[in-house]
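Raw contents of target_38.txt, compact mmCIF, C-alpha atoms:
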```txt
# COMPACT_ATOMS: atom_id res chain seq x y z
CA MET S 1 0.00 0.00 0.00
CA GLY S 2 1.33 3.44 -0.88
CA LEU S 3 2.36 5.73 1.96
CA MET S 4 -0.04 8.50 0.85
CA LEU S 5 -2.95 6.06 0.72
CA ALA S 6 -2.08 4.77 4.20
CA ILE S 7 -1.96 8.35 5.55
CA ARG S 8 -5.23 9.21 3.82
CA LYS S 9 -6.89 6.14 5.31
CA ARG S 10 -5.68 6.81 8.83
CA PHE S 11 -5.96 10.58 9.09
CA GLY S 12 -8.48 11.29 6.32
CA PHE S 13 -11.35 11.85 8.73
CA ILE S 14 -9.42 14.65 10.48
CA LEU S 15 -8.68 16.37 7.14
CA LYS S 16 -12.37 16.10 6.27
CA LEU S 17 -13.25 18.20 9.31
CA PHE S 18 -11.32 21.10 7.79
CA PHE S 19 -11.64 20.55 4.05
CA LYS S 20 -15.16 19.71 2.95
CA LYS S 21 -15.63 18.37 -0.55
CA ASP S 22 -18.08 20.05 -2.92
CA LYS S 23 -19.21 16.67 -4.10
CA MET S 24 -19.29 13.32 -2.31
CA ARG S 25 -18.94 10.02 -4.13
CA ILE S 26 -21.32 7.60 -2.46
CA GLY S 27 -21.29 3.85 -3.10
CA ILE S 28 -24.42 1.76 -2.71
CA TYR S 29 -23.29 -1.58 -1.30
CA GLY S 30 -24.87 -4.74 0.00
CA PRO S 31 -25.45 -8.42 -0.66
CA PRO S 32 -27.25 -9.55 -3.85
CA ASN S 33 -31.02 -8.86 -3.92
CA ALA S 34 -30.94 -6.36 -1.03
CA GLY S 35 -32.47 -3.69 -3.30
CA LYS S 36 -29.42 -1.61 -4.24
CA THR S 37 -30.51 -0.83 -7.80
CA THR S 38 -34.10 -0.19 -6.67
CA LEU S 39 -32.74 2.35 -4.17
CA ALA S 40 -30.40 3.94 -6.75
CA ASN S 41 -33.35 4.24 -9.14
CA ARG S 42 -35.54 5.75 -6.40
CA ILE S 43 -32.90 8.40 -5.58
CA LEU S 44 -32.33 9.24 -9.24
CA ARG S 45 -36.04 9.31 -10.09
CA ASP S 46 -36.71 11.66 -7.16
CA TRP S 47 -33.87 14.09 -7.93
CA THR S 48 -33.04 13.76 -11.64
CA GLY S 49 -36.06 12.05 -13.21
CA ASP S 50 -34.26 9.04 -14.72
CA VAL S 51 -32.95 5.62 -13.59
CA ILE S 52 -29.61 3.81 -13.35
CA GLY S 53 -30.46 0.16 -14.12
CA SER S 54 -33.05 -2.60 -14.14
CA PRO S 55 -33.70 -4.37 -10.84
CA SER S 56 -34.49 -8.08 -10.95
CA ASP S 57 -35.37 -11.03 -8.69
CA VAL S 58 -32.44 -12.95 -10.17
CA PRO S 59 -29.37 -12.50 -7.94
CA HIS S 60 -26.36 -10.64 -9.42
CA GLU S 61 -28.46 -8.72 -11.96
CA THR S 62 -26.00 -5.81 -11.62
CA ARG S 63 -22.62 -7.20 -12.64
CA ARG S 64 -20.87 -3.93 -13.48
CA ALA S 65 -20.69 -0.88 -11.20
CA LYS S 66 -22.71 2.03 -12.57
CA LEU S 67 -21.82 5.64 -11.88
CA ARG S 68 -24.17 8.62 -12.07
CA GLU S 69 -22.55 11.98 -11.39
CA GLY S 70 -23.86 15.21 -9.96
CA VAL S 71 -27.10 14.22 -8.23
CA LYS S 72 -28.31 17.21 -6.20
CA ILE S 73 -30.37 16.45 -3.09
CA GLU S 74 -32.06 19.28 -1.16
CA VAL S 75 -33.43 18.74 2.33
CA ASP S 76 -34.58 21.45 4.79
CA GLY S 77 -32.58 24.14 2.98
CA LYS S 78 -29.45 21.93 3.00
CA SER S 79 -28.05 20.96 -0.38
CA LEU S 80 -25.89 17.92 -1.08
CA THR S 81 -24.37 16.98 -4.44
CA ILE S 82 -23.35 13.35 -4.81
CA ASP S 83 -22.03 10.94 -7.40
CA ILE S 84 -23.84 7.64 -6.99
CA VAL S 85 -22.11 4.31 -7.62
CA ASP S 86 -24.51 1.37 -7.83
CA THR S 87 -22.26 -1.64 -7.16
CA PRO S 88 -22.75 -5.35 -7.91
CA GLY S 89 -23.88 -7.44 -4.93
CA LEU S 90 -21.04 -8.67 -2.72
CA ALA S 91 -20.79 -12.38 -1.97
CA THR S 92 -18.21 -14.89 -0.73
CA LYS S 93 -19.54 -17.65 -2.99
CA ILE S 94 -21.18 -17.87 -6.40
CA ASP S 95 -22.71 -21.15 -7.49
CA PHE S 96 -23.91 -21.25 -11.09
CA HIS S 97 -26.55 -23.87 -10.10
CA GLU S 98 -28.45 -21.02 -8.38
CA PHE S 99 -29.11 -19.42 -11.77
CA LEU S 100 -30.49 -22.65 -13.25
CA LYS S 101 -33.55 -22.12 -11.00
CA TYR S 102 -34.38 -19.02 -13.04
CA GLY S 103 -34.69 -20.93 -16.31
CA MET S 104 -31.17 -20.38 -17.66
CA ASP S 105 -29.30 -23.16 -19.42
CA GLU S 106 -25.95 -24.31 -17.99
CA GLU S 107 -23.84 -22.26 -20.39
CA GLU S 108 -25.73 -19.06 -19.67
CA ALA S 109 -25.70 -19.75 -15.91
CA LYS S 110 -21.92 -20.26 -15.93
CA ARG S 111 -21.39 -17.08 -17.95
CA ARG S 112 -23.54 -15.13 -15.51
CA ALA S 113 -21.65 -16.67 -12.55
CA LYS S 114 -18.33 -15.65 -14.11
CA GLU S 115 -19.57 -12.09 -14.67
CA ALA S 116 -20.85 -12.04 -11.09
CA THR S 117 -17.38 -12.94 -9.73
CA GLU S 118 -15.91 -10.07 -11.78
CA GLY S 119 -18.63 -7.77 -10.43
CA VAL S 120 -17.72 -8.61 -6.83
CA ILE S 121 -14.07 -7.75 -7.52
CA GLU S 122 -15.13 -4.45 -9.12
CA ALA S 123 -17.30 -3.57 -6.12
CA ILE S 124 -14.38 -4.22 -3.73
CA LYS S 125 -12.01 -2.10 -5.85
CA TRP S 126 -14.46 0.83 -5.71
CA LEU S 127 -14.09 0.96 -1.90
CA ASP S 128 -10.81 2.86 -2.37
CA ASP S 129 -12.44 5.66 -4.39
CA LEU S 130 -15.45 6.55 -2.26
CA ASP S 131 -16.29 9.24 0.28
CA GLY S 132 -19.16 7.37 1.91
CA VAL S 133 -21.36 4.29 1.69
CA LEU S 134 -25.04 3.48 1.80
CA LEU S 135 -25.09 -0.13 2.96
CA VAL S 136 -28.38 -1.70 1.91
CA MET S 137 -29.60 -4.66 3.93
CA ASP S 138 -32.74 -6.72 3.39
CA ALA S 139 -34.64 -6.17 6.66
CA THR S 140 -36.31 -9.59 6.31
CA GLU S 141 -32.92 -11.36 6.40
CA ASP S 142 -30.35 -12.03 9.12
CA PRO S 143 -28.06 -8.94 9.11
CA PHE S 144 -25.00 -10.78 10.48
CA THR S 145 -23.73 -11.93 7.09
CA GLN S 146 -20.02 -11.90 6.38
CA VAL S 147 -20.57 -9.44 3.54
CA ASN S 148 -22.22 -6.91 5.88
CA VAL S 149 -19.55 -7.42 8.55
CA THR S 150 -16.79 -6.94 5.95
CA ILE S 151 -18.29 -3.75 4.46
CA VAL S 152 -18.91 -2.20 7.91
CA GLY S 153 -15.36 -3.16 8.98
CA ASN S 154 -13.83 -1.64 5.85
CA MET S 155 -15.74 1.63 6.25
CA GLU S 156 -14.61 1.85 9.88
CA ALA S 157 -11.00 1.07 8.94
CA ARG S 158 -11.10 3.83 6.30
CA ASN S 159 -12.93 6.22 8.65
CA LEU S 160 -15.59 6.84 5.99
CA PRO S 161 -19.20 7.78 6.82
CA LEU S 162 -21.61 4.88 6.59
CA LEU S 163 -25.39 4.89 6.59
CA ILE S 164 -27.18 1.57 6.91
CA VAL S 165 -30.42 1.30 4.94
CA ALA S 166 -32.84 -1.31 6.33
CA ASN S 167 -34.75 -1.98 3.10
CA LYS S 168 -37.97 -3.87 2.34
CA ILE S 169 -39.88 -2.70 5.43
CA ASP S 170 -43.08 -3.08 3.41
CA LEU S 171 -42.74 -6.86 3.83
CA PRO S 172 -44.49 -8.41 6.85
CA ASN S 173 -41.46 -10.16 8.41
CA ALA S 174 -39.13 -7.15 8.13
CA SER S 175 -37.23 -6.28 11.30
CA PRO S 176 -35.14 -3.06 11.13
CA ALA S 177 -34.68 -3.41 14.93
CA ARG S 178 -32.61 -6.56 14.34
CA ILE S 179 -30.26 -4.56 12.08
CA LYS S 180 -30.03 -1.74 14.65
CA SER S 181 -29.03 -4.17 17.38
CA ALA S 182 -26.49 -5.89 15.09
CA PHE S 183 -24.69 -2.65 14.20
CA PRO S 184 -25.46 -0.25 17.08
CA GLN S 185 -22.52 2.06 16.28
CA HIS S 186 -24.03 3.17 12.93
CA PRO S 187 -27.22 5.03 12.01
CA VAL S 188 -29.92 2.79 10.50
CA VAL S 189 -32.76 4.18 8.35
CA PRO S 190 -35.70 1.83 7.73
CA ILE S 191 -37.21 2.29 4.24
CA SER S 192 -38.93 0.57 1.36
CA ALA S 193 -37.09 1.64 -1.79
CA LEU S 194 -39.75 -0.08 -3.89
CA LYS S 195 -42.74 1.64 -2.29
CA GLY S 196 -40.95 4.87 -1.33
CA ILE S 197 -41.80 4.43 2.38
CA ASN S 198 -39.81 6.70 4.73
CA ILE S 199 -37.61 7.83 1.85
CA ASP S 200 -37.61 11.46 3.07
CA SER S 201 -35.99 10.30 6.33
CA LEU S 202 -33.25 8.70 4.26
CA TYR S 203 -32.56 11.93 2.36
CA LYS S 204 -32.45 13.82 5.65
CA ALA S 205 -30.02 11.27 7.11
CA MET S 206 -27.89 11.43 3.93
CA ALA S 207 -27.71 15.24 4.15
CA GLU S 208 -26.62 14.99 7.80
CA ARG S 209 -24.16 12.13 7.31
CA PHE S 210 -22.61 13.01 3.97
CA GLY S 211 -23.24 16.78 3.77
CA MET P 212 -9.32 -48.24 11.13
CA GLU P 213 -8.81 -44.86 9.52
CA MET P 214 -11.15 -42.15 10.76
CA GLU P 215 -13.07 -40.21 8.14
CA GLY P 216 -13.92 -36.56 8.47
CA VAL P 217 -13.11 -32.98 7.64
CA GLN P 218 -9.61 -31.76 8.42
CA MET P 219 -9.42 -28.61 10.53
CA HIS P 220 -6.44 -26.29 10.83
CA LEU P 221 -6.37 -24.15 13.96
CA ILE P 222 -3.92 -21.29 13.50
CA SER P 223 -2.63 -19.50 16.58
CA LYS P 224 -2.47 -15.75 17.14
CA GLU P 225 1.34 -15.95 17.35
CA MET P 226 1.63 -17.60 13.94
CA LEU P 227 -0.84 -15.19 12.33
CA GLU P 228 1.04 -12.17 13.68
CA LYS P 229 4.25 -13.41 12.06
CA MET P 230 2.70 -13.92 8.62
CA PRO P 231 2.48 -11.16 6.01
CA SER P 232 -1.09 -10.58 4.76
CA MET P 233 -0.67 -12.23 1.37
CA GLU P 234 1.00 -15.31 2.85
CA LYS P 235 -1.86 -15.61 5.33
CA LEU P 236 -4.54 -15.29 2.64
CA ARG P 237 -2.76 -17.73 0.32
CA MET P 238 -2.48 -20.29 3.14
CA ILE P 239 -6.21 -19.93 3.92
CA LEU P 240 -7.33 -20.24 0.33
CA ASP P 241 -5.04 -23.18 -0.48
CA ASN P 242 -6.33 -25.12 2.54
CA VAL P 243 -9.98 -24.26 1.88
CA LYS P 244 -9.67 -25.29 -1.77
CA GLU P 245 -8.45 -28.68 -0.54
CA GLY P 246 -11.69 -29.00 1.46
CA LYS P 247 -10.20 -28.11 4.86
CA ILE P 248 -11.69 -25.83 7.51
CA VAL P 249 -9.35 -23.11 8.78
CA VAL P 250 -9.83 -21.57 12.23
CA LEU P 251 -7.93 -18.34 12.93
CA GLU P 252 -7.46 -17.38 16.57
CA THR P 253 -7.39 -13.64 15.86
CA GLY P 254 -9.02 -13.49 12.46
CA LEU P 255 -8.35 -11.02 9.70
CA THR P 256 -8.43 -7.24 9.42
CA PRO P 257 -11.37 -5.82 7.39
CA GLU P 258 -8.96 -5.06 4.52
CA GLU P 259 -7.71 -8.66 4.57
CA GLU P 260 -11.31 -9.92 4.57
CA ALA P 261 -12.04 -7.83 1.45
CA LYS P 262 -8.84 -9.07 -0.21
CA LEU P 263 -9.77 -12.67 0.64
CA ILE P 264 -13.17 -12.22 -1.05
CA GLU P 265 -11.42 -10.73 -4.09
CA MET P 266 -8.93 -13.63 -4.32
CA THR P 267 -11.75 -16.14 -3.84
CA MET P 268 -13.67 -14.64 -6.77
CA LEU P 269 -10.59 -15.01 -8.99
CA GLU P 270 -10.29 -18.71 -8.12
CA ILE P 271 -13.90 -19.85 -8.43
CA ASP P 272 -13.87 -22.38 -11.27
CA HIS P 273 -17.65 -23.11 -11.34
CA GLU P 274 -16.92 -26.85 -11.02
CA ASN P 275 -14.96 -27.86 -7.92
CA PHE P 276 -14.64 -24.55 -6.09
CA ILE P 277 -17.68 -22.27 -5.74
CA GLY P 278 -16.36 -20.00 -3.01
CA ILE P 279 -15.92 -19.76 0.72
CA GLU P 280 -18.02 -19.44 3.83
CA VAL P 281 -16.56 -17.13 6.46
CA GLU P 282 -17.73 -16.96 10.05
CA SER P 283 -16.48 -14.07 12.12
CA TYR P 284 -17.79 -11.59 14.65
CA PRO P 285 -18.10 -7.87 13.91
CA VAL P 286 -15.06 -5.83 14.94
CA LYS P 287 -15.68 -4.06 18.26
CA GLU P 288 -15.98 -0.28 18.22
CA ARG P 289 -12.59 1.40 18.39
CA SER P 290 -11.58 4.38 20.47
CA MET P 291 -10.26 7.59 18.89
CA PHE P 292 -6.74 6.67 20.08
CA SER P 293 -6.79 3.21 18.47
CA LYS P 294 -8.31 4.71 15.29
CA LEU P 295 -5.28 6.97 14.98
CA PHE P 296 -2.47 4.73 16.09
CA GLY P 297 -3.69 1.16 16.38
CA LYS P 298 -4.32 -1.51 13.80
CA PRO P 299 -7.87 -2.88 13.53
CA LYS P 300 -7.83 -6.41 14.95
CA GLY P 301 -10.04 -9.25 13.76
CA ARG P 302 -11.71 -11.76 16.06
CA LEU P 303 -11.95 -15.55 15.94
CA THR P 304 -12.74 -16.55 12.36
CA VAL P 305 -13.69 -19.83 10.74
CA ILE P 306 -13.26 -20.21 6.96
CA GLY P 307 -14.26 -23.20 4.87
CA PRO P 308 -15.39 -24.25 1.41
CA ALA P 309 -18.92 -22.97 0.66
CA ASN P 310 -20.12 -26.47 -0.27
CA ARG P 311 -19.02 -27.88 3.10
CA LEU P 312 -19.49 -25.14 5.72
CA LYS P 313 -22.85 -23.51 6.29
CA THR P 314 -23.81 -20.77 8.73
CA LEU P 315 -26.83 -21.69 10.81
CA GLU P 316 -27.11 -18.68 13.05
CA LYS P 317 -24.99 -15.65 13.76
CA GLN P 318 -25.32 -13.32 16.73
CA ALA P 319 -23.04 -10.62 18.15
CA ASP P 320 -21.00 -13.15 20.16
CA VAL P 321 -22.21 -16.60 19.11
CA ILE P 322 -21.87 -18.29 15.73
CA LYS P 323 -23.53 -21.62 14.94
CA ALA P 324 -22.37 -23.48 11.85
CA LEU P 325 -22.79 -26.84 10.19
CA VAL P 326 -19.88 -28.78 8.69
CA GLN P 327 -20.74 -31.39 6.10
CA VAL P 328 -18.51 -34.45 6.13
```

Final C-alpha cells representation of the file:
Amino acid sequence: MGLMLAIRKRFGFILKLFFKKDKMRIGIYGPPNAGKTTLANRILRDWTGDVIGSPSDVPHETRRAKLREGVKIEVDGKSLTIDIVDTPGLATKIDFHEFLKYGMDEEEAKRRAKEATEGVIEAIKWLDDLDGVLLVMDATEDPFTQVNVTIVGNMEARNLPLLIVANKIDLPNASPARIKSAFPQHPVVPISALKGINIDSLYKAMAERFG
Amino acid sequence: MEMEGVQMHLISKEMLEKMPSMEKLRMILDNVKEGKIVVLETGLTPEEEAKLIEMTMLEIDHENFIGIEVESYPVKERSMFSKLFGKPKGRLTVIGPANRLKTLEKQADVIKALVQV
C-alpha cells in the first residue's frame, strides 16, 4: 500500500473536518437482492427524473458498477451533491446452479456466474475511491452476514461515513430493529425503496451524514 | 481403522502475527480449496477480509470450487486513540469451502455453523 494512501486512510477523517468536498462520491453496497438498484433508481427518479439500471429477482443482476454523477439532493434548505455508484452485490460464494432455477441453461448460468465474480471484484475495488457508503440490507434477512460485517469493517478502517439502509420494510417479516441491534454504532434508516416508504428520512439522514 | 472426516487447521495468534497478509490469505485459500476448515485465533483485518473475497472470486472455477463461507464476529468499536495509532484487529474466524461449511445462526458473540462431512 502506498504511503499517501495509508496516511489518507488513517488521518483522512481529520482532514475532512477542515476541508469539505463540494461533491461526495457515495457507493451503494450490500449483498445480492438487497435492493441496491431499486434504491439507486428511487434516488435518481426523485432528484433527476431518470434511472440507473433494471432491478431483478435474479441475484447478481447488476454485474458492473454504474456511476451517475452530480445528483443534487435538497433537504430542509441543505443541499448535497453526490455521485452515486450502484455496485454489484457482494458475496463470498457464487454457485452457477443457483441461476439454473431461473430458467437459464448451464452455459448461460456459468457465464452469468463468471460475470458475477468479476462484479464482486469491481465492487471491492471501488471501496478505495469513495467518500461514503449506503449499505443496503434486506430487513427480512439475518443482518450478520459476512458481507455486511466486511463492508462495515472496511468503512470503519477507512474512517468513511456509513449509513445503513434497512430496506424492504413493506414486507411483513421485516425487522429493522434486528439490524439496529447488530450494528449499534451506525445510524440505520428503515425504508422501502420499492414503495418509497420513509424515503424522506433517508434523504435527511444522507444530508446529515454526507453533507 | 482410519477415521473419516473434515480436516481442521487451527492457527494461533502468534503464527498469524508473524505472517504477512498475502502469505496468510494464500495459506487460507489453499487449505480451503483442498476442502479443509481453517480456524484463525485472531481473524483477519477488514482489509484482509475484502482481499480474501477478491482472491476467492478469482479462483472460483464453477466446477470444484464455488467460493468460501466465512464466520467471524463484527469488529468491536474502536476508540479515537486506536483509530489513529492502532491496527484494527479481527476476532476468531472460521473459513471453509462454501459447499461444506454452512452458517446456521450468527449473533453478536455466538456463531452456529454446520460442517458437512

* Please identify every residue of chain S that has at least one atom no more than 6 Å from any atom of chain P, counting all atoms listed in the file, and report them as a PyMOL selection string. => chain S and resi 92-95+117+121+144+149-150+153-154

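We find atom CA of S:Arg42 and atom CA of S:Lys195 to be spaced 9.3 Å apart.
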
* Near-stretch 217-227 of chain P list (7 Å; only C-alpha atoms; drop same-chain fewer than 5 positions) as a PyMOL selection string -> chain P and resi 247-253+328

For the residues in that selection, give me C-alpha atoms as a PDB file, in the frame of the given file.
```pdb
ATOM      1  CA  LYS P 247     -10.200 -28.110   4.860  1.00  0.00           C
ATOM      2  CA  ILE P 248     -11.690 -25.830   7.510  1.00  0.00           C
ATOM      3  CA  VAL P 249      -9.350 -23.110   8.780  1.00  0.00           C
ATOM      4  CA  VAL P 250      -9.830 -21.570  12.230  1.00  0.00           C
ATOM      5  CA  LEU P 251      -7.930 -18.340  12.930  1.00  0.00           C
ATOM      6  CA  GLU P 252      -7.460 -17.380  16.570  1.00  0.00           C
ATOM      7  CA  THR P 253      -7.390 -13.640  15.860  1.00  0.00           C
ATOM      8  CA  VAL P 328     -18.510 -34.450   6.130  1.00  0.00           C
TER       9      VAL P 328
END
```

* Would you kindly return, as JSON, numbers by chain, each protein, DNA or RNA residue with an atom no farther than 10 Å from any atom of S:Glu69, considering all atoms listed in the file and excluding same-chain residues fewer than 2 positions away? => {"S": [23, 24, 25, 67, 71, 72, 81, 82, 83, 84, 85]}

Could you save the residues just selected, with C-alpha atoms, as a PDB file, keeping the file's coordinate frame?
```pdb
ATOM      1  CA  LYS S  23     -19.210  16.670  -4.100  1.00  0.00           C
ATOM      2  CA  MET S  24     -19.290  13.320  -2.310  1.00  0.00           C
ATOM      3  CA  ARG S  25     -18.940  10.020  -4.130  1.00  0.00           C
ATOM      4  CA  LEU S  67     -21.820   5.640 -11.880  1.00  0.00           C
ATOM      5  CA  VAL S  71     -27.100  14.220  -8.230  1.00  0.00           C
ATOM      6  CA  LYS S  72     -28.310  17.210  -6.200  1.00  0.00           C
ATOM      7  CA  THR S  81     -24.370  16.980  -4.440  1.00  0.00           C
ATOM      8  CA  ILE S  82     -23.350  13.350  -4.810  1.00  0.00           C
ATOM      9  CA  ASP S  83     -22.030  10.940  -7.400  1.00  0.00           C
ATOM     10  CA  ILE S  84     -23.840   7.640  -6.990  1.00  0.00           C
ATOM     11  CA  VAL S  85     -22.110   4.310  -7.620  1.00  0.00           C
TER      12      VAL S  85
END
```

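Using all atoms listed in the file, the protein and nucleic acid residues lying no more than 7 Å from P:Val326, apart from those fewer than 6 places from it along its own chain, are Arg311, Leu312 and Lys313 of chain P.
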
Keeping only C-alpha atoms, write the selected residues as a compact mmCIF listing (two decimals), keeping the file's coordinate frame.
```txt
# COMPACT_ATOMS: atom_id res chain seq x y z
CA ARG P 311 -19.02 -27.88 3.10
CA LEU P 312 -19.49 -25.14 5.72
CA LYS P 313 -22.85 -23.51 6.29
```

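With distances taken over all atoms listed in the file, S:Val133 is the one residue among S:Val133, S:Leu80, S:Ile73, S:Ala65 lying closest to S:Arg158.
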
* To do: Just give me the gap between atom CA of S:Lys66 and atom CA of S:Thr48 in Å, one decimal is fine.
  => 15.7 Å

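For the pair atom CA of S:Arg178 and atom CA of S:Val165, the interatomic distance is 12.4 Å.
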
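Compared by their closest atoms to S:His97, and using all atoms listed in the file, the residues S:Ala123, S:Asn148, S:Pro59, S:Gly27 rank with S:Pro59 nearest.
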
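In terms of minimum interatomic distance to P:Ile306, S:Gln146 ranks closest within S:Val136, S:Ala166, S:Gly35, S:Gln146, counting only C-alpha atoms.
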
* **Residue contacts of S:Phe96 (10 Å, all atoms listed in the file) excluding same-chain residues fewer than 2 positions away, as a PyMOL selection string** => (chain S and resi 93-94+98-101+104+106-114+116) or (chain P and resi 273-274+277)

* Can you tell me, as a list in words, what residues are no more than 7 Å from S:Pro88 when counting all atoms listed in the file, ignoring any on the same chain fewer than 5 positions away? -> His60, Thr62, Arg63, Arg64, Ala65, Gly119, Val120 and Ala123 of chain S
